[in-house]
Amino acid sequence: MGLDLFGLPLHRLLILRVARPLDALWGFEEALKSPPLAVVIAELPQDGAAADLTATRRLSLAARTGNGLGLLLRHRKACSASSAMTRWKVAAAPTEADRFGGLGRTAFDLSLDRNRRGRCGRFIVYWDHEARSFIPEAVSFGLAETAFDRPDHAQRVAHAG
């Protein structure tokens with residue numbers, strides 16, 4: 001999967017594959033209600049039409065119940081309204097070759113198009129494999145602060161894993 005290169009070993013993941021988008025939304029909602037889970041990610045095919053305004057409201061409430069983060073991935077721009085707090089577009093960003101002429105650093109072009117709690121913006125980040133963190137291009141991130149309101153969450157997840 002490649003997630004281990006981002007510091008997330010496969011043995012720490014729970015993967016649920018279902019046949020229908022509605023089943024994926026149900027599993028997503030139930031997982032969001034679970035406080036021990038730090039992040040829950042669901043991927044819907046095409047534009048993710050099953051995640052309409054009603055479904056995303058349910059997901060938002062479930063995330064509040066579990067006090068976690070839910071990421072809904074869609075392959076295309078959604079046509080319907082959503083109750084999401086933020087809306088991101090993520091794409092690969094061009095990068096310079098390394099000193100040997102090979103592939104450069106992994107780079108992403110991030111665009112925050114909707115943010116109910118602050119400003120929107122567009123910026124480039126690079127993945128640092130040694131530090132296992134994203135490094136911003138020379139821009140100010142003033143979009144959101146680190147969530148220090150959940151220091152015990154990492155301990156709960158570590159004990160669950």
# chains A, B, ... in the order shown; residues from 1 in each chain; ligands from 1
$ residues_around --residues "Arg64 in chain A" --least-positions-apart "3" --cutoff "12 Å" --atoms "only C-alpha atoms" --output "list in words"
Glu29, Ala31, Leu32, Lys33, Ser34, Pro35, Arg57, Arg58, Leu59, Ser60, Leu61, Asn67, Gly68, Leu69, Gly70 and Met85 of chain A
$ residues_around --residues "His129 in chain A" --least-positions-apart "4" --cutoff "8 Å" --atoms "only C-alpha atoms" --output "ChimeraX atom specification"
/A:5-6,133
$ write_last_selection --atoms "N, CA and C atoms" --output "PDB file, in the first residue's frame"
ATOM      1  N   LEU A   5       5.496   3.907   4.344  1.00  0.00           N
ATOM      2  CA  LEU A   5       6.462   4.972   4.067  1.00  0.00           C
ATOM      3  C   LEU A   5       6.031   6.299   4.680  1.00  0.00           C
ATOM      4  N   PHE A   6       4.743   6.400   5.011  1.00  0.00           N
ATOM      5  CA  PHE A   6       4.218   7.595   5.656  1.00  0.00           C
ATOM      6  C   PHE A   6       4.073   7.389   7.161  1.00  0.00           C
ATOM      7  N   SER A 133       7.051  13.476   8.145  1.00  0.00           N
ATOM      8  CA  SER A 133       6.127  14.600   8.273  1.00  0.00           C
ATOM      9  C   SER A 133       6.116  15.389   6.968  1.00  0.00           C
TER      10      SER A 133
END
$ residues_around --residues "Leu44 in chain A" --least-positions-apart "4" --cutoff "9 Å" --atoms "only C-alpha atoms" --output "list in words"
Pro21, Ala24, Leu25, Gly48, Ala49, Ala50, Ala51, Leu72, Leu73, Arg74 and His75 of chain A
$ select_by_dssp --residues "chain A" --states "helix (DSSP H, G or I)" --output "VMD selection string"
chain A and resid 3 to 6 10 to 12 21 to 32 53 to 66 151 to 160
$ write_last_selection --atoms "N, CA and C atoms" --output "short mmCIF file (atom, residue, chain, number, x, y, z; two decimals), in the first residue's frame"
data_model
loop_
_atom_site.label_atom_id
_atom_site.label_comp_id
_atom_site.auth_asym_id
_atom_site.auth_seq_id
_atom_site.Cartn_x
_atom_site.Cartn_y
_atom_site.Cartn_z
N LEU A 3 1.63 2.98 2.61
CA LEU A 3 1.37 3.80 3.78
C LEU A 3 2.45 3.66 4.84
N ASP A 4 3.17 2.54 4.84
CA ASP A 4 4.25 2.38 5.80
C ASP A 4 5.35 3.42 5.58
N LEU A 5 5.50 3.91 4.34
CA LEU A 5 6.46 4.97 4.07
C LEU A 5 6.03 6.30 4.68
N PHE A 6 4.74 6.40 5.01
CA PHE A 6 4.22 7.59 5.66
C PHE A 6 4.07 7.39 7.16
N LEU A 10 0.85 -1.31 8.05
CA LEU A 10 -0.38 -1.99 7.66
C LEU A 10 -1.07 -2.67 8.84
N HIS A 11 -0.33 -3.17 9.81
CA HIS A 11 -0.95 -3.85 10.95
C HIS A 11 -1.75 -2.91 11.84
N ARG A 12 -1.63 -1.59 11.64
CA ARG A 12 -2.41 -0.62 12.42
C ARG A 12 -3.71 -0.22 11.71
N PRO A 21 -21.94 1.63 -2.19
CA PRO A 21 -21.59 2.88 -1.51
C PRO A 21 -22.38 3.11 -0.23
N LEU A 22 -23.64 2.70 -0.20
CA LEU A 22 -24.45 2.88 1.02
C LEU A 22 -23.89 2.06 2.17
N ASP A 23 -23.36 0.87 1.88
CA ASP A 23 -22.73 0.05 2.92
C ASP A 23 -21.45 0.71 3.41
N ALA A 24 -20.71 1.34 2.51
CA ALA A 24 -19.49 2.05 2.90
C ALA A 24 -19.84 3.21 3.83
N LEU A 25 -20.90 3.94 3.51
CA LEU A 25 -21.32 5.06 4.35
C LEU A 25 -21.77 4.58 5.73
N TRP A 26 -22.47 3.44 5.78
CA TRP A 26 -22.91 2.89 7.06
C TRP A 26 -21.68 2.52 7.91
N GLY A 27 -20.73 1.81 7.32
CA GLY A 27 -19.52 1.43 8.05
C GLY A 27 -18.73 2.65 8.49
N PHE A 28 -18.67 3.66 7.64
CA PHE A 28 -17.97 4.91 7.95
C PHE A 28 -18.62 5.58 9.15
N GLU A 29 -19.93 5.67 9.13
CA GLU A 29 -20.67 6.31 10.22
C GLU A 29 -20.46 5.57 11.54
N GLU A 30 -20.57 4.26 11.51
CA GLU A 30 -20.38 3.47 12.74
C GLU A 30 -18.97 3.60 13.28
N ALA A 31 -17.98 3.61 12.41
CA ALA A 31 -16.59 3.75 12.85
C ALA A 31 -16.34 5.14 13.44
N LEU A 32 -16.96 6.17 12.86
CA LEU A 32 -16.79 7.53 13.38
C LEU A 32 -17.33 7.66 14.80
N LEU A 53 -26.50 15.51 1.18
CA LEU A 53 -26.53 16.39 2.34
C LEU A 53 -26.98 15.65 3.60
N THR A 54 -27.99 14.82 3.49
CA THR A 54 -28.48 14.06 4.65
C THR A 54 -27.40 13.11 5.16
N ALA A 55 -26.76 12.38 4.26
CA ALA A 55 -25.72 11.43 4.67
C ALA A 55 -24.55 12.15 5.32
N THR A 56 -24.13 13.28 4.76
CA THR A 56 -22.98 13.99 5.33
C THR A 56 -23.33 14.63 6.68
N ARG A 57 -24.58 15.01 6.87
CA ARG A 57 -24.99 15.50 8.20
C ARG A 57 -24.87 14.38 9.22
N ARG A 58 -25.31 13.17 8.86
CA ARG A 58 -25.20 12.01 9.76
C ARG A 58 -23.73 11.74 10.08
N LEU A 59 -22.88 11.83 9.07
CA LEU A 59 -21.45 11.59 9.28
C LEU A 59 -20.84 12.66 10.19
N SER A 60 -21.23 13.90 10.03
CA SER A 60 -20.73 14.97 10.88
C SER A 60 -21.14 14.74 12.34
N LEU A 61 -22.38 14.34 12.55
CA LEU A 61 -22.85 14.04 13.91
C LEU A 61 -22.10 12.85 14.50
N ALA A 62 -21.86 11.83 13.69
CA ALA A 62 -21.12 10.65 14.16
C ALA A 62 -19.70 11.03 14.55
N ALA A 63 -19.05 11.89 13.77
CA ALA A 63 -17.69 12.33 14.08
C ALA A 63 -17.66 13.10 15.39
N ARG A 64 -18.68 13.91 15.64
CA ARG A 64 -18.75 14.63 16.91
C ARG A 64 -18.94 13.66 18.07
N THR A 65 -19.77 12.64 17.86
CA THR A 65 -20.02 11.64 18.90
C THR A 65 -18.73 10.92 19.28
N GLY A 66 -17.96 10.49 18.31
CA GLY A 66 -16.72 9.78 18.57
C GLY A 66 -15.53 10.69 18.81
N PRO A 151 -4.74 15.46 23.77
CA PRO A 151 -3.46 14.82 24.04
C PRO A 151 -3.61 13.38 24.49
N ASP A 152 -4.72 13.04 25.10
CA ASP A 152 -4.91 11.66 25.58
C ASP A 152 -5.28 10.72 24.46
N HIS A 153 -5.68 11.24 23.31
CA HIS A 153 -6.15 10.39 22.22
C HIS A 153 -5.05 9.46 21.71
N ALA A 154 -3.84 9.97 21.56
CA ALA A 154 -2.73 9.14 21.07
C ALA A 154 -2.47 7.99 22.04
N GLN A 155 -2.60 8.23 23.34
CA GLN A 155 -2.40 7.17 24.32
C GLN A 155 -3.47 6.10 24.18
N ARG A 156 -4.73 6.50 23.99
CA ARG A 156 -5.82 5.53 23.82
C ARG A 156 -5.58 4.67 22.59
N VAL A 157 -5.17 5.30 21.50
CA VAL A 157 -4.93 4.57 20.26
C VAL A 157 -3.75 3.61 20.43
N ALA A 158 -2.70 4.06 21.11
CA ALA A 158 -1.53 3.21 21.33
C ALA A 158 -1.89 1.98 22.14
N HIS A 159 -2.76 2.15 23.14
CA HIS A 159 -3.16 1.01 23.96
C HIS A 159 -4.08 0.07 23.20
N ALA A 160 -4.87 0.63 22.28
CA ALA A 160 -5.79 -0.21 21.49
C ALA A 160 -5.03 -1.02 20.44
#
$ select_by_dssp --residues "range 36-110 of chain A" --states "strand (DSSP E or B)" --output "number ranges by chain"
A: 39-44, 69-74, 86-92, 107-110
$ closest_residue --among "A:Val18, A:Ser111, A:Gly102, A:Thr95" --to "Tyr126 in chain A" --atoms "only C-alpha atoms"
A:Thr95
$ closest_residue --among "A:Gly7, A:Phe108, A:Gly2, A:Ser83" --to "Glu130 in chain A" --atoms "only C-alpha atoms"
A:Gly7
$ decode --residues "range 88-123 of chain A" --atoms "N, CA and C atoms" --output "JSON list (two decimals), in the first residue's frame"
[["chain", "number", "residue", "atom", "x", "y", "z"],
["A", 88, "TRP", "N", -11.24, 19.75, 0.58],
["A", 88, "TRP", "CA", -9.88, 19.80, 0.04],
["A", 88, "TRP", "C", -9.83, 19.20, -1.34],
["A", 89, "LYS", "N", -8.95, 19.71, -2.15],
["A", 89, "LYS", "CA", -8.56, 19.07, -3.41],
["A", 89, "LYS", "C", -7.09, 18.73, -3.26],
["A", 90, "VAL", "N", -6.75, 17.49, -3.56],
["A", 90, "VAL", "CA", -5.36, 17.02, -3.43],
["A", 90, "VAL", "C", -4.91, 16.49, -4.77],
["A", 91, "ALA", "N", -3.76, 16.96, -5.21],
["A", 91, "ALA", "CA", -3.19, 16.51, -6.48],
["A", 91, "ALA", "C", -1.68, 16.38, -6.32],
["A", 92, "ALA", "N", -1.08, 15.63, -7.20],
["A", 92, "ALA", "CA", 0.37, 15.54, -7.22],
["A", 92, "ALA", "C", 0.93, 16.89, -7.66],
["A", 93, "ALA", "N", 2.05, 17.26, -7.10],
["A", 93, "ALA", "CA", 2.71, 18.51, -7.48],
["A", 93, "ALA", "C", 4.04, 18.18, -8.15],
["A", 94, "PRO", "N", 4.44, 19.01, -9.11],
["A", 94, "PRO", "CA", 5.74, 18.77, -9.75],
["A", 94, "PRO", "C", 6.86, 18.94, -8.73],
["A", 95, "THR", "N", 7.92, 18.21, -8.93],
["A", 95, "THR", "CA", 9.05, 18.28, -8.02],
["A", 95, "THR", "C", 10.35, 18.22, -8.83],
["A", 96, "GLU", "N", 11.40, 18.72, -8.25],
["A", 96, "GLU", "CA", 12.70, 18.70, -8.93],
["A", 96, "GLU", "C", 13.37, 17.35, -8.73],
["A", 97, "ALA", "N", 14.18, 16.97, -9.70],
["A", 97, "ALA", "CA", 14.92, 15.71, -9.60],
["A", 97, "ALA", "C", 15.88, 15.76, -8.41],
["A", 98, "ASP", "N", 16.17, 14.59, -7.85],
["A", 98, "ASP", "CA", 17.14, 14.55, -6.76],
["A", 98, "ASP", "C", 18.55, 14.76, -7.30],
["A", 99, "ARG", "N", 19.53, 14.74, -6.43],
["A", 99, "ARG", "CA", 20.91, 15.05, -6.84],
["A", 99, "ARG", "C", 21.49, 14.03, -7.81],
["A", 100, "PHE", "N", 20.85, 12.87, -7.94],
["A", 100, "PHE", "CA", 21.31, 11.84, -8.86],
["A", 100, "PHE", "C", 20.52, 11.84, -10.18],
["A", 101, "GLY", "N", 19.59, 12.79, -10.31],
["A", 101, "GLY", "CA", 18.78, 12.88, -11.52],
["A", 101, "GLY", "C", 17.54, 12.01, -11.48],
["A", 102, "GLY", "N", 17.28, 11.39, -10.33],
["A", 102, "GLY", "CA", 16.10, 10.53, -10.18],
["A", 102, "GLY", "C", 14.89, 11.31, -9.70],
["A", 103, "LEU", "N", 13.88, 10.58, -9.28],
["A", 103, "LEU", "CA", 12.67, 11.20, -8.76],
["A", 103, "LEU", "C", 12.98, 12.05, -7.55],
["A", 104, "GLY", "N", 12.34, 13.18, -7.47],
["A", 104, "GLY", "CA", 12.55, 14.08, -6.33],
["A", 104, "GLY", "C", 11.64, 13.71, -5.18],
["A", 105, "ARG", "N", 11.50, 14.63, -4.26],
["A", 105, "ARG", "CA", 10.65, 14.41, -3.09],
["A", 105, "ARG", "C", 9.19, 14.25, -3.51],
["A", 106, "THR", "N", 8.44, 13.50, -2.74],
["A", 106, "THR", "CA", 7.00, 13.37, -2.96],
["A", 106, "THR", "C", 6.36, 14.71, -2.62],
["A", 107, "ALA", "N", 5.57, 15.25, -3.55],
["A", 107, "ALA", "CA", 4.98, 16.57, -3.34],
["A", 107, "ALA", "C", 3.49, 16.52, -3.66],
["A", 108, "PHE", "N", 2.73, 17.31, -2.90],
["A", 108, "PHE", "CA", 1.29, 17.40, -3.09],
["A", 108, "PHE", "C", 0.87, 18.85, -3.25],
["A", 109, "ASP", "N", -0.08, 19.08, -4.14],
["A", 109, "ASP", "CA", -0.69, 20.38, -4.35],
["A", 109, "ASP", "C", -2.02, 20.35, -3.61],
["A", 110, "LEU", "N", -2.11, 21.06, -2.50],
["A", 110, "LEU", "CA", -3.30, 21.07, -1.65],
["A", 110, "LEU", "C", -4.08, 22.36, -1.84],
["A", 111, "SER", "N", -5.37, 22.20, -1.99],
["A", 111, "SER", "CA", -6.24, 23.37, -2.13],
["A", 111, "SER", "C", -7.40, 23.22, -1.16],
["A", 112, "LEU", "N", -7.46, 24.11, -0.18],
["A", 112, "LEU", "CA", -8.57, 24.13, 0.78],
["A", 112, "LEU", "C", -9.61, 25.08, 0.21],
["A", 113, "ASP", "N", -10.67, 24.49, -0.36],
["A", 113, "ASP", "CA", -11.69, 25.28, -1.05],
["A", 113, "ASP", "C", -12.84, 25.71, -0.14],
["A", 114, "ARG", "N", -13.00, 25.00, 0.98],
["A", 114, "ARG", "CA", -14.07, 25.35, 1.91],
["A", 114, "ARG", "C", -13.54, 25.12, 3.32],
["A", 115, "ASN", "N", -13.76, 26.11, 4.18],
["A", 115, "ASN", "CA", -13.31, 26.00, 5.56],
["A", 115, "ASN", "C", -14.26, 26.81, 6.43],
["A", 116, "ARG", "N", -15.09, 26.14, 7.18],
["A", 116, "ARG", "CA", -16.07, 26.83, 8.03],
["A", 116, "ARG", "C", -15.44, 27.56, 9.20],
["A", 117, "ARG", "N", -14.19, 27.24, 9.53],
["A", 117, "ARG", "CA", -13.55, 27.84, 10.70],
["A", 117, "ARG", "C", -12.42, 28.81, 10.36],
["A", 118, "GLY", "N", -12.25, 29.12, 9.11],
["A", 118, "GLY", "CA", -11.16, 30.04, 8.79],
["A", 118, "GLY", "C", -10.98, 30.23, 7.31],
["A", 119, "ARG", "N", -9.76, 30.64, 6.98],
["A", 119, "ARG", "CA", -9.46, 30.97, 5.60],
["A", 119, "ARG", "C", -9.26, 29.73, 4.74],
["A", 120, "CYS", "N", -9.35, 29.94, 3.46],
["A", 120, "CYS", "CA", -9.05, 28.91, 2.47],
["A", 120, "CYS", "C", -7.70, 29.25, 1.85],
["A", 121, "GLY", "N", -7.15, 28.32, 1.10],
["A", 121, "GLY", "CA", -5.87, 28.61, 0.48],
["A", 121, "GLY", "C", -5.36, 27.44, -0.33],
["A", 122, "ARG", "N", -4.25, 27.68, -1.00],
["A", 122, "ARG", "CA", -3.62, 26.66, -1.84],
["A", 122, "ARG", "C", -2.13, 26.68, -1.56],
["A", 123, "PHE", "N", -1.54, 25.50, -1.39],
["A", 123, "PHE", "CA", -0.13, 25.43, -1.09],
["A", 123, "PHE", "C", 0.44, 24.07, -1.47]]
